>>> print(open('work_1.txt').read())   # compact mmCIF, C-alpha atoms
# COMPACT_ATOMS: atom_id res chain seq x y z
CA MET A 1282 -36.81 -10.25 133.09
CA GLN A 1283 -33.91 -9.32 135.36
CA SER A 1284 -31.04 -8.15 133.18
CA ALA A 1285 -28.37 -10.55 134.47
CA SER A 1286 -30.49 -13.64 135.09
CA PRO A 1287 -31.98 -16.30 132.82
CA SER A 1288 -35.74 -16.33 132.50
CA ARG A 1289 -37.55 -18.12 135.33
CA THR A 1290 -40.73 -18.28 133.28
CA ALA A 1291 -38.78 -20.01 130.50
CA LEU A 1292 -37.85 -22.69 133.03
CA ARG A 1293 -41.46 -23.14 134.11
CA VAL A 1294 -42.56 -23.50 130.51
CA ALA A 1295 -39.82 -26.05 129.86
CA LEU A 1296 -40.80 -28.04 132.96
CA ARG A 1297 -44.38 -28.26 131.74
CA ARG A 1298 -43.36 -29.33 128.25
CA ALA A 1299 -41.22 -32.03 129.86
CA ALA A 1300 -44.03 -33.04 132.22
CA HIS A 1301 -46.28 -33.59 129.21
CA GLN A 1302 -43.81 -36.17 127.89
CA LEU A 1303 -43.84 -38.06 131.20
CA TYR A 1304 -47.24 -37.72 132.83
CA ASP A 1305 -49.92 -37.30 130.17
CA ALA A 1306 -51.74 -40.03 128.28
CA LYS A 1307 -50.71 -41.08 124.79
CA PRO A 1308 -50.98 -39.90 122.13
CA LEU A 1309 -49.16 -36.79 123.23
CA VAL A 1310 -50.30 -33.46 121.84
CA PHE A 1311 -46.69 -32.35 121.42
CA GLU A 1312 -43.94 -34.92 120.95
CA ASP A 1313 -40.61 -33.55 122.17
CA PRO A 1314 -37.93 -36.15 122.96
CA ILE A 1315 -35.46 -33.40 123.95
CA ALA A 1316 -37.74 -31.73 126.52
CA VAL A 1317 -36.68 -33.97 129.41
CA PRO A 1318 -32.96 -34.42 128.57
CA ILE A 1319 -32.28 -30.68 128.21
CA LEU A 1320 -33.35 -30.09 131.82
CA GLY A 1321 -30.75 -32.60 133.02
CA LYS A 1322 -30.01 -33.44 136.63
CA ASP A 1323 -30.22 -29.81 137.71
CA TYR A 1324 -33.99 -29.72 137.35
CA ALA A 1325 -34.91 -33.39 137.82
CA GLU A 1326 -36.37 -32.71 141.26
CA ASP A 1327 -38.36 -29.74 139.95
CA LEU A 1328 -39.74 -31.94 137.20
CA SER A 1329 -40.75 -34.64 139.67
CA ARG A 1330 -42.66 -31.98 141.63
CA THR A 1331 -44.31 -30.36 138.61
CA PRO A 1332 -47.90 -29.89 139.80
CA GLY A 1333 -51.12 -31.06 138.26
CA ARG A 1334 -50.25 -34.51 136.93
CA SER A 1335 -53.19 -35.77 134.90
CA LEU A 1336 -52.42 -39.46 135.50
CA GLY A 1337 -51.96 -40.65 139.08
CA GLY A 1338 -52.19 -38.62 142.25
CA LYS A 1339 -54.45 -35.66 142.90
CA GLU A 1340 -55.21 -33.42 140.00
CA ARG A 1341 -54.92 -29.65 140.03
CA PRO A 1342 -57.16 -28.48 137.17
CA PHE A 1343 -55.59 -25.04 136.78
CA SER A 1344 -52.07 -26.50 136.50
CA ILE A 1345 -53.23 -29.12 134.02
CA GLY A 1346 -55.04 -26.46 132.01
CA LEU A 1347 -51.93 -24.28 131.91
CA ARG A 1348 -49.81 -27.22 130.76
CA ALA A 1349 -52.37 -27.96 128.06
CA PHE A 1350 -52.17 -24.39 126.80
CA LEU A 1351 -48.37 -24.42 126.74
CA VAL A 1352 -48.06 -27.68 124.81
CA ALA A 1353 -50.87 -26.62 122.45
CA ARG A 1354 -49.14 -23.37 121.56
CA SER A 1355 -45.89 -25.23 120.73
CA ARG A 1356 -47.82 -27.73 118.62
CA TYR A 1357 -49.74 -24.94 116.90
CA ALA A 1358 -46.55 -23.04 116.01
CA GLU A 1359 -44.94 -26.13 114.53
CA ASP A 1360 -48.12 -27.02 112.64
CA ILE A 1361 -48.11 -23.56 111.08
CA LEU A 1362 -44.42 -23.95 110.29
CA ALA A 1363 -44.96 -27.30 108.57
CA GLY A 1364 -47.51 -25.80 106.20
CA ALA A 1365 -45.32 -22.78 105.57
CA VAL A 1366 -42.23 -24.85 104.76
CA ALA A 1367 -44.30 -26.79 102.22
CA ALA A 1368 -45.17 -23.42 100.67
CA GLY A 1369 -41.56 -22.27 100.45
CA VAL A 1370 -40.58 -20.79 103.84
CA ARG A 1371 -36.85 -21.26 104.53
CA GLN A 1372 -36.33 -19.39 107.80
CA TYR A 1373 -37.81 -19.92 111.28
CA VAL A 1374 -37.28 -17.25 113.92
CA LEU A 1375 -38.05 -18.06 117.55
CA LEU A 1376 -38.59 -14.76 119.37
CA GLY A 1377 -37.99 -15.45 123.04
CA ALA A 1378 -36.82 -19.00 122.39
CA GLY A 1379 -36.18 -19.97 126.00
CA LEU A 1380 -35.49 -23.73 126.15
CA ASP A 1381 -37.31 -24.49 122.90
CA THR A 1382 -35.90 -27.64 121.30
CA PHE A 1383 -37.14 -27.36 117.72
CA ALA A 1384 -33.62 -26.81 116.36
CA HIS A 1385 -32.65 -30.22 117.78
CA ARG A 1386 -35.66 -31.86 116.09
CA ASN A 1387 -35.71 -29.89 112.83
CA PRO A 1388 -36.90 -32.27 110.09
CA TYR A 1389 -36.42 -29.72 107.26
CA PRO A 1390 -32.88 -29.73 105.80
CA GLN A 1391 -33.52 -26.44 103.98
CA LEU A 1392 -34.79 -24.55 107.05
CA HIS A 1393 -32.48 -22.17 108.93
CA VAL A 1394 -33.44 -21.54 112.57
CA PHE A 1395 -32.74 -18.31 114.47
CA GLU A 1396 -33.18 -18.42 118.25
CA VAL A 1397 -33.68 -14.91 119.64
CA ASP A 1398 -33.53 -14.34 123.39
CA HIS A 1399 -31.92 -12.42 126.20
CA PRO A 1400 -28.16 -13.11 126.42
CA ALA A 1401 -28.44 -14.49 129.97
CA THR A 1402 -31.12 -16.96 128.95
CA GLN A 1403 -29.10 -18.08 125.92
CA GLN A 1404 -26.00 -18.65 128.05
CA TRP A 1405 -28.08 -20.71 130.50
CA LYS A 1406 -29.47 -22.80 127.66
CA GLN A 1407 -25.98 -23.44 126.30
CA GLU A 1408 -24.86 -24.60 129.75
CA LEU A 1409 -27.82 -26.98 130.00
CA MET A 1410 -27.08 -28.36 126.54
CA GLU A 1411 -23.46 -28.99 127.49
CA GLY A 1412 -24.51 -30.67 130.73
CA ALA A 1413 -26.90 -32.93 128.83
CA SER A 1414 -24.30 -33.66 126.11
CA LEU A 1415 -26.57 -32.12 123.47
CA ALA A 1416 -24.63 -30.92 120.45
CA THR A 1417 -25.39 -27.55 118.88
CA PRO A 1418 -27.77 -28.29 116.00
CA GLU A 1419 -26.87 -27.53 112.41
CA LYS A 1420 -28.47 -24.52 110.73
CA VAL A 1421 -29.20 -22.67 113.96
CA ALA A 1422 -28.04 -19.19 114.92
CA TYR A 1423 -28.30 -17.88 118.48
CA VAL A 1424 -29.24 -14.21 118.37
CA PRO A 1425 -28.90 -12.25 121.64
CA VAL A 1426 -31.50 -9.48 121.89
CA ASN A 1427 -33.02 -7.51 124.73
CA PHE A 1428 -36.40 -6.64 123.18
CA GLU A 1429 -36.74 -3.43 125.19
CA GLU A 1430 -33.28 -2.05 124.38
CA GLN A 1431 -31.87 -3.52 121.15
CA SER A 1432 -32.89 -3.59 117.52
CA LEU A 1433 -34.28 -6.97 116.47
CA SER A 1434 -33.57 -6.17 112.83
CA THR A 1435 -29.92 -5.30 113.45
CA GLN A 1436 -29.26 -8.35 115.59
CA LEU A 1437 -30.92 -10.75 113.15
CA GLN A 1438 -29.09 -9.34 110.13
CA ALA A 1439 -25.79 -9.71 111.97
CA ALA A 1440 -26.64 -13.40 112.48
CA GLY A 1441 -27.26 -13.99 108.77
CA PHE A 1442 -31.00 -13.44 108.54
CA ASP A 1443 -32.25 -12.68 105.00
CA SER A 1444 -35.25 -10.33 104.95
CA LEU A 1445 -35.99 -11.27 101.33
CA VAL A 1446 -36.72 -14.91 102.25
CA PRO A 1447 -40.20 -15.93 103.53
CA THR A 1448 -40.01 -16.58 107.25
CA VAL A 1449 -42.16 -17.86 110.10
CA PHE A 1450 -41.79 -15.98 113.37
CA ALA A 1451 -42.84 -17.87 116.50
CA TRP A 1452 -43.43 -15.43 119.35
CA LEU A 1453 -44.54 -17.68 122.19
CA GLY A 1454 -44.77 -16.68 125.83
CA VAL A 1455 -43.44 -13.19 125.23
CA VAL A 1456 -46.22 -10.71 124.41
CA PRO A 1457 -47.71 -10.38 127.93
CA TYR A 1458 -44.31 -9.32 129.31
CA LEU A 1459 -43.72 -6.50 126.81
CA THR A 1460 -44.59 -2.84 126.74
CA LEU A 1461 -47.01 -1.79 124.01
CA GLU A 1462 -44.17 0.14 122.34
CA ALA A 1463 -41.96 -2.96 122.20
CA PHE A 1464 -44.83 -5.07 120.86
CA ARG A 1465 -45.60 -2.57 118.11
CA GLY A 1466 -41.94 -2.28 117.16
CA THR A 1467 -41.58 -6.02 116.68
CA ILE A 1468 -44.87 -6.34 114.79
CA ALA A 1469 -43.80 -3.49 112.48
CA PHE A 1470 -40.54 -5.34 111.77
CA VAL A 1471 -42.32 -8.61 111.03
CA SER A 1472 -44.85 -6.86 108.79
CA ARG A 1473 -42.01 -5.66 106.54
CA GLN A 1474 -40.78 -9.17 105.76
CA ALA A 1475 -41.17 -11.04 102.48
CA ALA A 1476 -44.60 -12.03 101.20
CA GLY A 1477 -45.50 -15.50 102.45
CA SER A 1478 -44.06 -14.85 105.90
CA ALA A 1479 -46.13 -15.42 109.04
CA VAL A 1480 -46.17 -14.74 112.76
CA VAL A 1481 -47.50 -17.13 115.41
CA LEU A 1482 -48.06 -15.80 118.90
CA ASP A 1483 -50.06 -16.22 122.06
CA TYR A 1484 -51.60 -13.42 124.04
CA ALA A 1485 -53.75 -12.95 127.13
CA GLN A 1486 -57.02 -11.11 127.54
CA PRO A 1487 -57.33 -8.31 130.12
CA ARG A 1488 -58.40 -9.28 133.63
CA SER A 1489 -61.45 -7.03 133.32
CA VAL A 1490 -63.07 -9.20 130.62
CA LEU A 1491 -62.58 -12.50 132.47
CA PRO A 1492 -65.22 -14.24 134.62
CA PHE A 1493 -64.73 -13.99 138.39
CA PHE A 1494 -62.99 -17.33 138.99
CA GLU A 1495 -60.69 -16.75 136.01
CA GLN A 1496 -59.77 -13.41 137.53
CA LEU A 1497 -58.64 -15.26 140.66
CA ALA A 1498 -56.55 -17.65 138.55
CA HIS A 1499 -55.12 -14.65 136.68
CA ASP A 1500 -54.17 -12.97 139.96
CA SER A 1501 -52.42 -16.11 141.21
CA LEU A 1502 -50.36 -16.51 138.04
CA ALA A 1503 -49.61 -12.77 137.84
CA SER A 1504 -48.33 -12.86 141.41
CA ARG A 1505 -45.97 -15.74 140.67
CA VAL A 1506 -44.43 -14.14 137.59
CA GLN A 1507 -44.16 -10.82 139.45
CA GLN A 1508 -42.19 -12.59 142.18
CA ALA A 1509 -39.96 -14.09 139.49
CA GLY A 1510 -39.14 -10.57 138.32
CA GLU A 1511 -41.05 -10.90 135.03
CA PRO A 1512 -44.40 -9.13 135.53
CA PHE A 1513 -47.28 -9.17 133.09
CA GLN A 1514 -47.68 -5.83 131.31
CA LEU A 1515 -49.65 -6.22 128.08
CA PHE A 1516 -53.11 -7.61 127.37
CA PHE A 1517 -55.43 -7.52 124.37
CA THR A 1518 -58.97 -8.43 123.50
CA PRO A 1519 -59.37 -10.18 120.13
CA ALA A 1520 -60.68 -6.96 118.60
CA GLU A 1521 -57.75 -4.96 119.96
CA ILE A 1522 -55.06 -7.29 118.66
CA ALA A 1523 -56.80 -7.50 115.28
CA GLY A 1524 -56.40 -3.74 115.11
CA GLU A 1525 -52.70 -4.03 115.89
CA LEU A 1526 -52.33 -6.57 113.05
CA ARG A 1527 -54.23 -4.62 110.40
CA ASN A 1528 -51.30 -4.94 107.97
CA PHE A 1529 -51.54 -8.75 108.06
CA ARG A 1530 -53.94 -11.12 106.32
CA ALA A 1531 -55.57 -14.47 107.07
CA ILE A 1532 -55.57 -13.94 110.82
CA GLU A 1533 -56.57 -17.04 112.80
CA ASP A 1534 -57.36 -16.36 116.47
CA LEU A 1535 -58.14 -19.41 118.62
CA GLY A 1536 -59.75 -19.48 122.05
CA SER A 1537 -59.99 -22.44 124.41
CA THR A 1538 -62.98 -24.01 122.63
CA GLU A 1539 -61.19 -24.05 119.27
CA ILE A 1540 -57.90 -25.21 120.84
CA ASN A 1541 -59.58 -28.06 122.68
CA THR A 1542 -61.47 -29.15 119.57
CA ARG A 1543 -58.28 -29.19 117.53
CA TYR A 1544 -55.89 -30.82 119.99
CA PHE A 1545 -57.65 -32.35 123.01
CA THR A 1546 -60.68 -34.24 121.69
CA ASP A 1547 -61.32 -37.80 122.92
CA ARG A 1548 -58.34 -37.97 125.27
CA ALA A 1549 -57.96 -40.64 127.95
CA ASP A 1550 -56.96 -38.03 130.54
CA SER A 1551 -58.20 -34.62 131.65
CA LEU A 1552 -55.66 -32.60 129.67
CA ARG A 1553 -57.45 -29.62 128.12
CA VAL A 1554 -57.32 -25.84 128.10
CA LEU A 1555 -59.48 -24.10 130.70
CA GLY A 1556 -60.99 -20.64 130.69
CA SER A 1557 -60.82 -17.80 128.22
CA ALA A 1558 -57.70 -15.86 129.17
CA GLY A 1559 -55.11 -17.32 126.79
CA ARG A 1560 -55.43 -17.30 123.03
CA LEU A 1561 -53.34 -18.47 120.04
CA LEU A 1562 -53.00 -16.46 116.85
CA SER A 1563 -51.36 -16.72 113.45
CA ALA A 1564 -51.24 -14.06 110.76
CA TRP A 1565 -49.68 -13.85 107.31
CA ILE A 1566 -47.95 -11.26 105.15
>>> encode(input="work_1.txt", output="structure tokens")
Amino acid sequence: MQSASPSRTALRVALRRAAHQLYDAKPLVFEDPIAVPILGKDYAEDLSRTPGRSLGGKERPFSIGLRAFLVARSRYAEDILAGAVAAGVRQYVLLGAGLDTFAHRNPYPQLHVFEVDHPATQQWKQELMEGASLATPEKVAYVPVNFEEQSLSTQLQAAGFDSLVPTVFAWLGVVPYLTLEAFRGTIAFVSRQAAGSAVVLDYAQPRSVLPFFEQLAHDSLASRVQQAGEPFQLFFTPAEIAGELRNFRAIEDLGSTEINTRYFTDRADSLRVLGSAGRLLSAWI
């Protein structure tokens, strides 16, 4: 991302999470009552123009499929977290938090939340919260980190993070924008955390392994994020990322078929994940 600007991709993700609350059939895959309010008046028009509504108007399958993937990954991360909290996890670290609203909805009194992101994005989020009259949640620490330049470990420890406590790390919408060196550095840090910790992430497969029409969709999305100043850099096949996570156990790697079976079966609308590019993964220490 551009060093002095908040993340444009974080805004697009937030718009799609909010659109899910407004435009998709019930039951929702991901209930988030803060998703619309946090955007406030500043982005109301953008939200009204969010493409690919699945109820009413013309449908745009690619946009609906992308929204499905984004809400599924948030649901998946919080499903993993729920199981982990029941097993004793007491810390939740959002790496690249963007406009995530979990801290406002946190149902676990014992869980401390750490939101890690670029300083410009965190300032933007604080301004949106103030504009929407959203109070800072309890048990949340905002941790400014530039993943390519600063030490995640140092910044987290300064914010009160305890490396001896089992922790879930949610790393959503970040991996494709990193260098391989930055990815490996963060994974190495996570792998050194307490037993019972976990990481949840999404990643994208390389263009070369995608079918022709998915390559076209990839090129369209890659062009848009390039124009936003946040180009894609890093891709993995399932075998490649399994190799990167060799120090972890119980790896679950979900493609579109598994995601749709878990979250989008028997819906009254057309909301579902399309194609094979995006995948969800969890792994444990």
>>> closest_residue(input="work_1.txt", among="A:Phe1513, A:Trp1565, A:Phe1442, A:Phe1470", to="A:Asp1500", atoms="only C-alpha atoms")
A:Phe1513
>>> closest_residue(input="work_1.txt", among="A:Met1410, A:Val1397, A:Leu1392, A:Leu1433", to="A:Ala1365", atoms="only C-alpha atoms")
A:Leu1392
>>> closest_residue(input="work_1.txt", among="A:Ile1522, A:Ile1319, A:Val1554, A:Val1424", to="A:Ala1440", atoms="only C-alpha atoms")
A:Val1424
>>> atom_distance(input="work_1.txt", atom1="atom CA of A:Pro1308", atom2="atom CA of A:Arg1543")
13.8 Å
>>> residues_near_point(input="work_1.txt", point="(-45.5, -17.7, 115.6)", cutoff="10 Å", atoms="only C-alpha atoms", output="PDB file with C-alpha atoms, keeping the file's coordinate frame")
ATOM      1  CA  ARG A1354     -49.140 -23.370 121.560  1.00  0.00           C
ATOM      2  CA  SER A1355     -45.890 -25.230 120.730  1.00  0.00           C
ATOM      3  CA  TYR A1357     -49.740 -24.940 116.900  1.00  0.00           C
ATOM      4  CA  ALA A1358     -46.550 -23.040 116.010  1.00  0.00           C
ATOM      5  CA  GLU A1359     -44.940 -26.130 114.530  1.00  0.00           C
ATOM      6  CA  ILE A1361     -48.110 -23.560 111.080  1.00  0.00           C
ATOM      7  CA  LEU A1362     -44.420 -23.950 110.290  1.00  0.00           C
ATOM      8  CA  TYR A1373     -37.810 -19.920 111.280  1.00  0.00           C
ATOM      9  CA  VAL A1374     -37.280 -17.250 113.920  1.00  0.00           C
ATOM     10  CA  LEU A1375     -38.050 -18.060 117.550  1.00  0.00           C
ATOM     11  CA  LEU A1376     -38.590 -14.760 119.370  1.00  0.00           C
ATOM     12  CA  VAL A1449     -42.160 -17.860 110.100  1.00  0.00           C
ATOM     13  CA  PHE A1450     -41.790 -15.980 113.370  1.00  0.00           C
ATOM     14  CA  ALA A1451     -42.840 -17.870 116.500  1.00  0.00           C
ATOM     15  CA  TRP A1452     -43.430 -15.430 119.350  1.00  0.00           C
ATOM     16  CA  LEU A1453     -44.540 -17.680 122.190  1.00  0.00           C
ATOM     17  CA  ALA A1479     -46.130 -15.420 109.040  1.00  0.00           C
ATOM     18  CA  VAL A1480     -46.170 -14.740 112.760  1.00  0.00           C
ATOM     19  CA  VAL A1481     -47.500 -17.130 115.410  1.00  0.00           C
ATOM     20  CA  LEU A1482     -48.060 -15.800 118.900  1.00  0.00           C
ATOM     21  CA  ASP A1483     -50.060 -16.220 122.060  1.00  0.00           C
ATOM     22  CA  LEU A1561     -53.340 -18.470 120.040  1.00  0.00           C
ATOM     23  CA  LEU A1562     -53.000 -16.460 116.850  1.00  0.00           C
ATOM     24  CA  SER A1563     -51.360 -16.720 113.450  1.00  0.00           C
ATOM     25  CA  ALA A1564     -51.240 -14.060 110.760  1.00  0.00           C
TER      26      ALA A1564
END
>>> atom_distance(input="work_1.txt", atom1="atom CA of A:Ser1557", atom2="atom CA of A:Glu1462")
25.2 Å
>>> closest_residue(input="work_1.txt", among="A:Leu1292, A:Ile1315, A:Ala1306, A:Gln1436", to="A:Ala1378", atoms="all atoms listed in the file")
A:Leu1292
>>> closest_residue(input="work_1.txt", among="A:Phe1545, A:Lys1420, A:Asn1427, A:Gly1346", to="A:Ala1463", atoms="only C-alpha atoms")
A:Asn1427
>>> closest_residue(input="work_1.txt", among="A:Leu1515, A:Leu1535, A:Ala1523, A:Ala1476", to="A:Gly1369", atoms="only C-alpha atoms")
A:Ala1476
>>> residues_around(input="work_1.txt", residues="A:Glu1511", least_positions_apart="5", cutoff="12 Å", atoms="all atoms listed in the file", output="PyMOL selection string")
chain A and resi 1282-1284+1286-1291+1454-1459+1502-1506
>>> write_last_selection(input="work_1.txt", atoms="C-alpha atoms", output="PDB file, keeping the file's coordinate frame")
ATOM      1  CA  MET A1282     -36.810 -10.250 133.090  1.00  0.00           C
ATOM      2  CA  GLN A1283     -33.910  -9.320 135.360  1.00  0.00           C
ATOM      3  CA  SER A1284     -31.040  -8.150 133.180  1.00  0.00           C
ATOM      4  CA  SER A1286     -30.490 -13.640 135.090  1.00  0.00           C
ATOM      5  CA  PRO A1287     -31.980 -16.300 132.820  1.00  0.00           C
ATOM      6  CA  SER A1288     -35.740 -16.330 132.500  1.00  0.00           C
ATOM      7  CA  ARG A1289     -37.550 -18.120 135.330  1.00  0.00           C
ATOM      8  CA  THR A1290     -40.730 -18.280 133.280  1.00  0.00           C
ATOM      9  CA  ALA A1291     -38.780 -20.010 130.500  1.00  0.00           C
ATOM     10  CA  GLY A1454     -44.770 -16.680 125.830  1.00  0.00           C
ATOM     11  CA  VAL A1455     -43.440 -13.190 125.230  1.00  0.00           C
ATOM     12  CA  VAL A1456     -46.220 -10.710 124.410  1.00  0.00           C
ATOM     13  CA  PRO A1457     -47.710 -10.380 127.930  1.00  0.00           C
ATOM     14  CA  TYR A1458     -44.310  -9.320 129.310  1.00  0.00           C
ATOM     15  CA  LEU A1459     -43.720  -6.500 126.810  1.00  0.00           C
ATOM     16  CA  LEU A1502     -50.360 -16.510 138.040  1.00  0.00           C
ATOM     17  CA  ALA A1503     -49.610 -12.770 137.840  1.00  0.00           C
ATOM     18  CA  SER A1504     -48.330 -12.860 141.410  1.00  0.00           C
ATOM     19  CA  ARG A1505     -45.970 -15.740 140.670  1.00  0.00           C
ATOM     20  CA  VAL A1506     -44.430 -14.140 137.590  1.00  0.00           C
TER      21      VAL A1506
END
>>> atom_distance(input="work_1.txt", atom1="atom CA of A:Val1421", atom2="atom CA of A:Ala1384")
6.5 Å
>>> residues_around(input="work_1.txt", residues="stretch 1406-1408 of chain A", least_positions_apart="2", cutoff="9 Å", atoms="only C-alpha atoms", output="VMD selection string")
chain A and resid 1287 1319 1379 to 1380 1401 to 1404 1410 to 1413 1417
>>> write_last_selection(input="work_1.txt", atoms="C-alpha atoms", output="mmCIF file, keeping the file's coordinate frame")
data_model
loop_
_atom_site.group_PDB
_atom_site.id
_atom_site.type_symbol
_atom_site.label_atom_id
_atom_site.label_comp_id
_atom_site.auth_asym_id
_atom_site.auth_seq_id
_atom_site.Cartn_x
_atom_site.Cartn_y
_atom_site.Cartn_z
ATOM 1 C CA PRO A 1287 -31.980 -16.300 132.820
ATOM 2 C CA ILE A 1319 -32.280 -30.680 128.210
ATOM 3 C CA GLY A 1379 -36.180 -19.970 126.000
ATOM 4 C CA LEU A 1380 -35.490 -23.730 126.150
ATOM 5 C CA ALA A 1401 -28.440 -14.490 129.970
ATOM 6 C CA THR A 1402 -31.120 -16.960 128.950
ATOM 7 C CA GLN A 1403 -29.100 -18.080 125.920
ATOM 8 C CA GLN A 1404 -26.000 -18.650 128.050
ATOM 9 C CA MET A 1410 -27.080 -28.360 126.540
ATOM 10 C CA GLU A 1411 -23.460 -28.990 127.490
ATOM 11 C CA GLY A 1412 -24.510 -30.670 130.730
ATOM 12 C CA ALA A 1413 -26.900 -32.930 128.830
ATOM 13 C CA THR A 1417 -25.390 -27.550 118.880
#
>>> residues_around(input="work_1.txt", residues="A:Asp1313", least_positions_apart="3", cutoff="12 Å", atoms="only C-alpha atoms", output="PyMOL selection string")
chain A and resi 1295+1297-1303+1309-1310+1316-1319+1352+1355-1356+1359+1380-1387
>>> decode(input="work_1.txt", residues="stretch 1543-1560 of chain A", atoms="N, CA and C atoms", output="short mmCIF file (atom, residue, chain, number, x, y, z; two decimals), in the first residue's frame")
data_model
loop_
_atom_site.label_atom_id
_atom_site.label_comp_id
_atom_site.auth_asym_id
_atom_site.auth_seq_id
_atom_site.Cartn_x
_atom_site.Cartn_y
_atom_site.Cartn_z
N ARG A 1543 -19.73 -25.89 3.03
CA ARG A 1543 -19.80 -25.51 4.43
C ARG A 1543 -20.70 -24.31 4.68
N TYR A 1544 -20.69 -23.33 3.78
CA TYR A 1544 -21.34 -22.05 4.09
C TYR A 1544 -22.46 -21.62 3.14
N PHE A 1545 -22.59 -22.23 1.98
CA PHE A 1545 -23.52 -21.69 0.98
C PHE A 1545 -24.50 -22.72 0.44
N THR A 1546 -24.72 -23.79 1.16
CA THR A 1546 -25.66 -24.83 0.73
C THR A 1546 -27.10 -24.38 0.95
N ASP A 1547 -27.96 -24.68 -0.02
CA ASP A 1547 -29.41 -24.46 0.09
C ASP A 1547 -29.76 -23.00 0.38
N ARG A 1548 -29.08 -22.08 -0.29
CA ARG A 1548 -29.43 -20.66 -0.13
C ARG A 1548 -30.55 -20.27 -1.08
N ALA A 1549 -31.25 -19.20 -0.73
CA ALA A 1549 -32.34 -18.68 -1.55
C ALA A 1549 -31.83 -17.71 -2.61
N ASP A 1550 -30.54 -17.41 -2.60
CA ASP A 1550 -29.97 -16.52 -3.60
C ASP A 1550 -28.81 -17.22 -4.29
N SER A 1551 -28.07 -16.48 -5.09
CA SER A 1551 -26.97 -17.07 -5.87
C SER A 1551 -25.61 -16.85 -5.22
N LEU A 1552 -25.60 -16.49 -3.95
CA LEU A 1552 -24.34 -16.23 -3.26
C LEU A 1552 -23.56 -17.53 -3.09
N ARG A 1553 -22.40 -17.58 -3.72
CA ARG A 1553 -21.50 -18.73 -3.59
C ARG A 1553 -20.15 -18.35 -4.17
N VAL A 1554 -19.12 -19.08 -3.75
CA VAL A 1554 -17.77 -18.83 -4.25
C VAL A 1554 -17.61 -19.45 -5.62
N LEU A 1555 -16.99 -18.73 -6.53
CA LEU A 1555 -16.75 -19.20 -7.89
C LEU A 1555 -15.26 -19.45 -8.11
N GLY A 1556 -14.97 -20.41 -8.97
CA GLY A 1556 -13.59 -20.62 -9.41
C GLY A 1556 -12.72 -21.28 -8.37
N SER A 1557 -11.42 -21.31 -8.69
CA SER A 1557 -10.46 -22.04 -7.87
C SER A 1557 -9.31 -21.19 -7.37
N ALA A 1558 -9.36 -19.89 -7.62
CA ALA A 1558 -8.20 -19.04 -7.29
C ALA A 1558 -8.00 -18.88 -5.79
N GLY A 1559 -9.05 -18.51 -5.05
CA GLY A 1559 -8.91 -18.21 -3.64
C GLY A 1559 -9.13 -19.41 -2.76
N ARG A 1560 -8.34 -19.52 -1.70
CA ARG A 1560 -8.44 -20.63 -0.78
C ARG A 1560 -8.33 -20.13 0.66
#
